[in-house]
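One structure is given below, encoded as structure tokens.
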Amino acid sequence: MLPTLLRTAYARLFPPLWNATYSCGRCGLHIKITNHTDRDRVAALLRAAHGHPCKPKSKAL
């Protein structure tokens with residue numbers, strides 16, 4: 001009982017932090033999310049990054 005109580009208290013005091021990165025090689029878009037507490041928000045940002053309208057960089061001659 002005591003270990004369960006301690007685990008529950010620890011989880012409420014220190015919520016898990018989510019990290020994510022996304023990098024597009026065609027246009028140079030780079031998104032880095034570190035230490036965010038809301039998993040759903042991180043997932044929504046990654047979905048937006050995956051669906052971004054990609055405009056490739058022009059190459060220097």
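By order in the structure tokens, chains are A, B, ...; within a chain, residues start at 1; ligands start at 1, following the order shown.
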
Practice prompt. List the neighbours of Leu29 of chain A out to 10 Å using only C-alpha atoms; skip same-chain residues closer than 3 positions along the sequence, and give me the result as a PyMOL selection string.
Written response: chain A and resi 22-26+49+52+54-56

Please dump the current selection as an mmCIF file, in the first residue's frame; keep all heavy atoms.
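Writing the result to result_4.cif gives the following:
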data_model
loop_
_atom_site.group_PDB
_atom_site.id
_atom_site.type_symbol
_atom_site.label_atom_id
_atom_site.label_comp_id
_atom_site.auth_asym_id
_atom_site.auth_seq_id
_atom_site.Cartn_x
_atom_site.Cartn_y
_atom_site.Cartn_z
ATOM 1 N N TYR A 22 11.525 16.977 -35.257
ATOM 2 C CA TYR A 22 11.168 16.729 -36.641
ATOM 3 C C TYR A 22 12.040 17.624 -37.502
ATOM 4 O O TYR A 22 12.214 18.812 -37.211
ATOM 5 C CB TYR A 22 9.696 17.041 -36.906
ATOM 6 C CG TYR A 22 9.326 16.905 -38.356
ATOM 7 C CD1 TYR A 22 9.127 15.660 -38.926
ATOM 8 C CD2 TYR A 22 9.200 18.019 -39.165
ATOM 9 C CE1 TYR A 22 8.809 15.523 -40.261
ATOM 10 C CE2 TYR A 22 8.876 17.898 -40.503
ATOM 11 C CZ TYR A 22 8.678 16.658 -41.042
ATOM 12 O OH TYR A 22 8.362 16.527 -42.357
ATOM 13 N N SER A 23 12.588 17.068 -38.554
ATOM 14 C CA SER A 23 13.431 17.830 -39.462
ATOM 15 C C SER A 23 13.088 17.441 -40.892
ATOM 16 O O SER A 23 13.059 16.257 -41.225
ATOM 17 C CB SER A 23 14.899 17.547 -39.175
ATOM 18 O OG SER A 23 15.706 18.331 -40.009
ATOM 19 N N CYS A 24 12.826 18.442 -41.735
ATOM 20 C CA CYS A 24 12.509 18.198 -43.145
ATOM 21 C C CYS A 24 13.758 18.480 -43.965
ATOM 22 O O CYS A 24 14.306 19.578 -43.924
ATOM 23 C CB CYS A 24 11.367 19.103 -43.592
ATOM 24 S SG CYS A 24 10.924 18.874 -45.321
ATOM 25 N N GLY A 25 14.213 17.484 -44.706
ATOM 26 C CA GLY A 25 15.414 17.640 -45.504
ATOM 27 C C GLY A 25 15.210 18.446 -46.773
ATOM 28 O O GLY A 25 16.155 18.964 -47.346
ATOM 29 N N ARG A 26 13.967 18.589 -47.209
ATOM 30 C CA ARG A 26 13.703 19.313 -48.456
ATOM 31 C C ARG A 26 13.674 20.825 -48.261
ATOM 32 O O ARG A 26 14.229 21.558 -49.060
ATOM 33 C CB ARG A 26 12.376 18.857 -49.050
ATOM 34 C CG ARG A 26 12.452 17.431 -49.573
ATOM 35 C CD ARG A 26 11.162 16.985 -50.197
ATOM 36 N NE ARG A 26 10.851 17.824 -51.347
ATOM 37 C CZ ARG A 26 9.643 17.950 -51.855
ATOM 38 N NH1 ARG A 26 8.630 17.299 -51.318
ATOM 39 N NH2 ARG A 26 9.427 18.711 -52.901
ATOM 40 N N ALA A 49 3.597 19.333 -38.307
ATOM 41 C CA ALA A 49 4.903 19.377 -38.967
ATOM 42 C C ALA A 49 4.960 18.381 -40.113
ATOM 43 O O ALA A 49 5.495 18.695 -41.184
ATOM 44 C CB ALA A 49 6.008 19.082 -37.959
ATOM 45 N N HIS A 52 3.116 19.782 -43.251
ATOM 46 C CA HIS A 52 3.399 21.159 -43.685
ATOM 47 C C HIS A 52 3.572 21.233 -45.202
ATOM 48 O O HIS A 52 4.033 20.276 -45.828
ATOM 49 C CB HIS A 52 4.638 21.713 -42.969
ATOM 50 C CG HIS A 52 5.946 21.225 -43.523
ATOM 51 N ND1 HIS A 52 6.465 19.999 -43.189
ATOM 52 C CD2 HIS A 52 6.817 21.792 -44.387
ATOM 53 C CE1 HIS A 52 7.613 19.835 -43.825
ATOM 54 N NE2 HIS A 52 7.852 20.891 -44.571
ATOM 55 N N CYS A 54 5.496 21.790 -48.053
ATOM 56 C CA CYS A 54 6.939 21.857 -48.224
ATOM 57 C C CYS A 54 7.313 22.598 -49.508
ATOM 58 O O CYS A 54 6.880 22.223 -50.591
ATOM 59 C CB CYS A 54 7.507 20.436 -48.247
ATOM 60 S SG CYS A 54 9.279 20.370 -48.204
ATOM 61 N N LYS A 55 8.090 23.644 -49.367
ATOM 62 C CA LYS A 55 8.634 24.369 -50.510
ATOM 63 C C LYS A 55 10.160 24.200 -50.463
ATOM 64 O O LYS A 55 10.815 24.769 -49.605
ATOM 65 C CB LYS A 55 8.286 25.849 -50.445
ATOM 66 C CG LYS A 55 6.788 26.098 -50.563
ATOM 67 C CD LYS A 55 6.490 27.573 -50.528
ATOM 68 C CE LYS A 55 4.994 27.788 -50.601
ATOM 69 N NZ LYS A 55 4.641 29.183 -50.448
ATOM 70 N N PRO A 56 10.708 23.398 -51.365
ATOM 71 C CA PRO A 56 12.151 23.137 -51.324
ATOM 72 C C PRO A 56 12.991 24.406 -51.463
ATOM 73 O O PRO A 56 12.596 25.346 -52.147
ATOM 74 C CB PRO A 56 12.373 22.211 -52.512
ATOM 75 C CG PRO A 56 11.050 21.611 -52.796
ATOM 76 C CD PRO A 56 10.041 22.645 -52.409
#

Discussion item. I'd like the contact shell of Val42 of chain A - 9 Å cut-off, only C-alpha atoms, skipping same-chain residues fewer than 5 positions apart - returned as a list in words.
Written reply: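 Counting only C-alpha atoms, the residues come to Trp18, Asn19, Ala20, Ile33, His36, Thr37 and Arg47 of chain A.
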
What does the file look like for those residues with all heavy atoms, as a PDB file, in the first residue's frame?
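What landed in out-v1.pdb:
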ATOM      1  N   TRP A  18       7.567  15.063 -22.221  1.00  0.00           N
ATOM      2  CA  TRP A  18       7.624  14.497 -23.565  1.00  0.00           C
ATOM      3  C   TRP A  18       8.562  15.318 -24.432  1.00  0.00           C
ATOM      4  O   TRP A  18       8.551  16.541 -24.410  1.00  0.00           O
ATOM      5  CB  TRP A  18       6.230  14.456 -24.175  1.00  0.00           C
ATOM      6  CG  TRP A  18       5.309  13.631 -23.357  1.00  0.00           C
ATOM      7  CD1 TRP A  18       4.455  14.069 -22.404  1.00  0.00           C
ATOM      8  CD2 TRP A  18       5.207  12.214 -23.358  1.00  0.00           C
ATOM      9  NE1 TRP A  18       3.800  13.008 -21.819  1.00  0.00           N
ATOM     10  CE2 TRP A  18       4.248  11.869 -22.395  1.00  0.00           C
ATOM     11  CE3 TRP A  18       5.815  11.220 -24.091  1.00  0.00           C
ATOM     12  CZ2 TRP A  18       3.892  10.550 -22.155  1.00  0.00           C
ATOM     13  CZ3 TRP A  18       5.461   9.905 -23.846  1.00  0.00           C
ATOM     14  CH2 TRP A  18       4.502   9.582 -22.884  1.00  0.00           C
ATOM     15  N   ASN A  19       9.359  14.636 -25.238  1.00  0.00           N
ATOM     16  CA  ASN A  19      10.285  15.276 -26.156  1.00  0.00           C
ATOM     17  C   ASN A  19      10.017  14.762 -27.564  1.00  0.00           C
ATOM     18  O   ASN A  19       9.634  13.611 -27.748  1.00  0.00           O
ATOM     19  CB  ASN A  19      11.743  14.943 -25.795  1.00  0.00           C
ATOM     20  CG  ASN A  19      12.081  15.387 -24.402  1.00  0.00           C
ATOM     21  OD1 ASN A  19      11.729  16.471 -23.992  1.00  0.00           O
ATOM     22  ND2 ASN A  19      12.762  14.537 -23.664  1.00  0.00           N
ATOM     23  N   ALA A  20      10.229  15.642 -28.557  1.00  0.00           N
ATOM     24  CA  ALA A  20      10.062  15.228 -29.947  1.00  0.00           C
ATOM     25  C   ALA A  20      10.876  16.142 -30.841  1.00  0.00           C
ATOM     26  O   ALA A  20      11.102  17.308 -30.516  1.00  0.00           O
ATOM     27  CB  ALA A  20       8.593  15.287 -30.344  1.00  0.00           C
ATOM     28  N   ILE A  33      10.805  19.905 -29.695  1.00  0.00           N
ATOM     29  CA  ILE A  33       9.971  20.118 -28.514  1.00  0.00           C
ATOM     30  C   ILE A  33      10.640  19.380 -27.366  1.00  0.00           C
ATOM     31  O   ILE A  33      10.866  18.181 -27.458  1.00  0.00           O
ATOM     32  CB  ILE A  33       8.555  19.573 -28.735  1.00  0.00           C
ATOM     33  CG1 ILE A  33       7.942  20.174 -30.008  1.00  0.00           C
ATOM     34  CG2 ILE A  33       7.678  19.851 -27.536  1.00  0.00           C
ATOM     35  CD1 ILE A  33       6.764  19.407 -30.525  1.00  0.00           C
ATOM     36  N   HIS A  36       7.937  18.894 -22.458  1.00  0.00           N
ATOM     37  CA  HIS A  36       6.548  19.356 -22.452  1.00  0.00           C
ATOM     38  C   HIS A  36       5.717  18.323 -21.711  1.00  0.00           C
ATOM     39  O   HIS A  36       5.882  17.124 -21.894  1.00  0.00           O
ATOM     40  CB  HIS A  36       6.041  19.528 -23.888  1.00  0.00           C
ATOM     41  CG  HIS A  36       4.856  20.420 -23.983  1.00  0.00           C
ATOM     42  ND1 HIS A  36       3.607  20.023 -23.601  1.00  0.00           N
ATOM     43  CD2 HIS A  36       4.741  21.699 -24.392  1.00  0.00           C
ATOM     44  CE1 HIS A  36       2.751  21.012 -23.782  1.00  0.00           C
ATOM     45  NE2 HIS A  36       3.429  22.049 -24.271  1.00  0.00           N
ATOM     46  N   THR A  37       4.779  18.767 -20.902  1.00  0.00           N
ATOM     47  CA  THR A  37       4.012  17.845 -20.058  1.00  0.00           C
ATOM     48  C   THR A  37       2.787  17.267 -20.746  1.00  0.00           C
ATOM     49  O   THR A  37       2.267  16.246 -20.312  1.00  0.00           O
ATOM     50  CB  THR A  37       3.551  18.550 -18.770  1.00  0.00           C
ATOM     51  OG1 THR A  37       2.808  19.708 -19.120  1.00  0.00           O
ATOM     52  CG2 THR A  37       4.739  18.939 -17.925  1.00  0.00           C
ATOM     53  N   ARG A  47       2.017  16.229 -35.892  1.00  0.00           N
ATOM     54  CA  ARG A  47       1.126  16.020 -37.031  1.00  0.00           C
ATOM     55  C   ARG A  47       1.134  17.234 -37.951  1.00  0.00           C
ATOM     56  O   ARG A  47       1.151  17.106 -39.179  1.00  0.00           O
ATOM     57  CB  ARG A  47      -0.299  15.739 -36.554  1.00  0.00           C
ATOM     58  CG  ARG A  47      -0.534  14.298 -36.189  1.00  0.00           C
ATOM     59  CD  ARG A  47      -2.012  13.986 -36.049  1.00  0.00           C
ATOM     60  NE  ARG A  47      -2.687  14.830 -35.066  1.00  0.00           N
ATOM     61  CZ  ARG A  47      -2.726  14.583 -33.755  1.00  0.00           C
ATOM     62  NH1 ARG A  47      -2.127  13.513 -33.276  1.00  0.00           N
ATOM     63  NH2 ARG A  47      -3.363  15.389 -32.948  1.00  0.00           N
TER      64      ARG A  47
END

Worksheet item: So how many Å separate atom CA of Cys27 of chain A and atom CA of Arg41 of chain A, to one decimal?
Response: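 Interatomic distance here is 23.7 Å.
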
Fill in: Picked from chain A by DSSP as strand (DSSP E or B), as an MDAnalysis selection string
chainID A and resid 18:23 30:36

Generate the output file for the selected residues, N, CA, C and O atoms, as a PDB file, in the first residue's frame.
ATOM      1  N   TRP A  18       7.567  15.063 -22.221  1.00  0.00           N
ATOM      2  CA  TRP A  18       7.624  14.497 -23.565  1.00  0.00           C
ATOM      3  C   TRP A  18       8.562  15.318 -24.432  1.00  0.00           C
ATOM      4  O   TRP A  18       8.551  16.541 -24.410  1.00  0.00           O
ATOM      5  N   ASN A  19       9.359  14.636 -25.238  1.00  0.00           N
ATOM      6  CA  ASN A  19      10.285  15.276 -26.156  1.00  0.00           C
ATOM      7  C   ASN A  19      10.017  14.762 -27.564  1.00  0.00           C
ATOM      8  O   ASN A  19       9.634  13.611 -27.748  1.00  0.00           O
ATOM      9  N   ALA A  20      10.229  15.642 -28.557  1.00  0.00           N
ATOM     10  CA  ALA A  20      10.062  15.228 -29.947  1.00  0.00           C
ATOM     11  C   ALA A  20      10.876  16.142 -30.841  1.00  0.00           C
ATOM     12  O   ALA A  20      11.102  17.308 -30.516  1.00  0.00           O
ATOM     13  N   THR A  21      11.324  15.598 -31.971  1.00  0.00           N
ATOM     14  CA  THR A  21      12.021  16.405 -32.969  1.00  0.00           C
ATOM     15  C   THR A  21      11.523  16.009 -34.348  1.00  0.00           C
ATOM     16  O   THR A  21      11.127  14.868 -34.582  1.00  0.00           O
ATOM     17  N   TYR A  22      11.525  16.977 -35.257  1.00  0.00           N
ATOM     18  CA  TYR A  22      11.168  16.729 -36.641  1.00  0.00           C
ATOM     19  C   TYR A  22      12.040  17.624 -37.502  1.00  0.00           C
ATOM     20  O   TYR A  22      12.214  18.812 -37.211  1.00  0.00           O
ATOM     21  N   SER A  23      12.588  17.068 -38.554  1.00  0.00           N
ATOM     22  CA  SER A  23      13.431  17.830 -39.462  1.00  0.00           C
ATOM     23  C   SER A  23      13.088  17.441 -40.892  1.00  0.00           C
ATOM     24  O   SER A  23      13.059  16.257 -41.225  1.00  0.00           O
ATOM     25  N   HIS A  30      12.725  22.695 -39.115  1.00  0.00           N
ATOM     26  CA  HIS A  30      13.206  21.921 -37.978  1.00  0.00           C
ATOM     27  C   HIS A  30      12.389  22.305 -36.754  1.00  0.00           C
ATOM     28  O   HIS A  30      12.306  23.480 -36.411  1.00  0.00           O
ATOM     29  N   ILE A  31      11.765  21.317 -36.120  1.00  0.00           N
ATOM     30  CA  ILE A  31      10.976  21.538 -34.911  1.00  0.00           C
ATOM     31  C   ILE A  31      11.546  20.656 -33.816  1.00  0.00           C
ATOM     32  O   ILE A  31      11.752  19.463 -34.013  1.00  0.00           O
ATOM     33  N   LYS A  32      11.801  21.251 -32.658  1.00  0.00           N
ATOM     34  CA  LYS A  32      12.290  20.500 -31.508  1.00  0.00           C
ATOM     35  C   LYS A  32      11.445  20.889 -30.291  1.00  0.00           C
ATOM     36  O   LYS A  32      11.373  22.057 -29.931  1.00  0.00           O
ATOM     37  N   ILE A  33      10.805  19.905 -29.695  1.00  0.00           N
ATOM     38  CA  ILE A  33       9.971  20.118 -28.514  1.00  0.00           C
ATOM     39  C   ILE A  33      10.640  19.380 -27.366  1.00  0.00           C
ATOM     40  O   ILE A  33      10.866  18.181 -27.458  1.00  0.00           O
ATOM     41  N   THR A  34      10.969  20.086 -26.306  1.00  0.00           N
ATOM     42  CA  THR A  34      11.619  19.445 -25.167  1.00  0.00           C
ATOM     43  C   THR A  34      10.869  19.734 -23.880  1.00  0.00           C
ATOM     44  O   THR A  34      10.369  20.835 -23.672  1.00  0.00           O
ATOM     45  N   ASN A  35      10.787  18.737 -23.056  1.00  0.00           N
ATOM     46  CA  ASN A  35      10.238  18.850 -21.704  1.00  0.00           C
ATOM     47  C   ASN A  35       8.839  19.452 -21.670  1.00  0.00           C
ATOM     48  O   ASN A  35       8.576  20.390 -20.936  1.00  0.00           O
ATOM     49  N   HIS A  36       7.937  18.894 -22.458  1.00  0.00           N
ATOM     50  CA  HIS A  36       6.548  19.356 -22.452  1.00  0.00           C
ATOM     51  C   HIS A  36       5.717  18.323 -21.711  1.00  0.00           C
ATOM     52  O   HIS A  36       5.882  17.124 -21.894  1.00  0.00           O
TER      53      HIS A  36
END

Taking the DSSP secondary structure from the backbone, can you list the residues of chain A that are helix (DSSP H, G or I), as a PDB file with C-alpha atoms, in the first residue's frame?
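Ended up saving to part.pdb:
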ATOM      1  CA  LEU A   2       2.743   2.458   0.901  1.00  0.00           C
ATOM      2  CA  PRO A   3       4.729   1.934  -2.340  1.00  0.00           C
ATOM      3  CA  THR A   4       1.557   2.528  -4.380  1.00  0.00           C
ATOM      4  CA  LEU A   5       0.839   5.711  -2.440  1.00  0.00           C
ATOM      5  CA  LEU A   6       4.395   6.955  -2.935  1.00  0.00           C
ATOM      6  CA  ARG A   7       4.292   6.162  -6.680  1.00  0.00           C
ATOM      7  CA  THR A   8       1.007   8.047  -7.050  1.00  0.00           C
ATOM      8  CA  ALA A   9       2.315  11.060  -5.151  1.00  0.00           C
ATOM      9  CA  TYR A  10       5.518  11.094  -7.218  1.00  0.00           C
ATOM     10  CA  ALA A  11       3.537  10.920 -10.479  1.00  0.00           C
ATOM     11  CA  ARG A  12       1.415  13.903  -9.456  1.00  0.00           C
ATOM     12  CA  LEU A  13       4.356  15.997  -8.299  1.00  0.00           C
ATOM     13  CA  ARG A  39       1.457  14.385 -24.694  1.00  0.00           C
ATOM     14  CA  ASP A  40      -1.545  15.267 -26.884  1.00  0.00           C
ATOM     15  CA  ARG A  41      -0.181  18.725 -27.659  1.00  0.00           C
ATOM     16  CA  VAL A  42       3.206  17.305 -28.660  1.00  0.00           C
ATOM     17  CA  ALA A  43       1.446  14.811 -30.956  1.00  0.00           C
ATOM     18  CA  ALA A  44      -0.633  17.609 -32.538  1.00  0.00           C
ATOM     19  CA  LEU A  45       2.490  19.675 -33.248  1.00  0.00           C
ATOM     20  CA  LEU A  46       4.198  16.691 -34.863  1.00  0.00           C
ATOM     21  CA  ARG A  47       1.126  16.020 -37.031  1.00  0.00           C
ATOM     22  CA  ALA A  48       1.200  19.655 -38.172  1.00  0.00           C
ATOM     23  CA  ALA A  49       4.903  19.377 -38.967  1.00  0.00           C
ATOM     24  CA  HIS A  50       4.416  16.183 -40.988  1.00  0.00           C
TER      25      HIS A  50
END
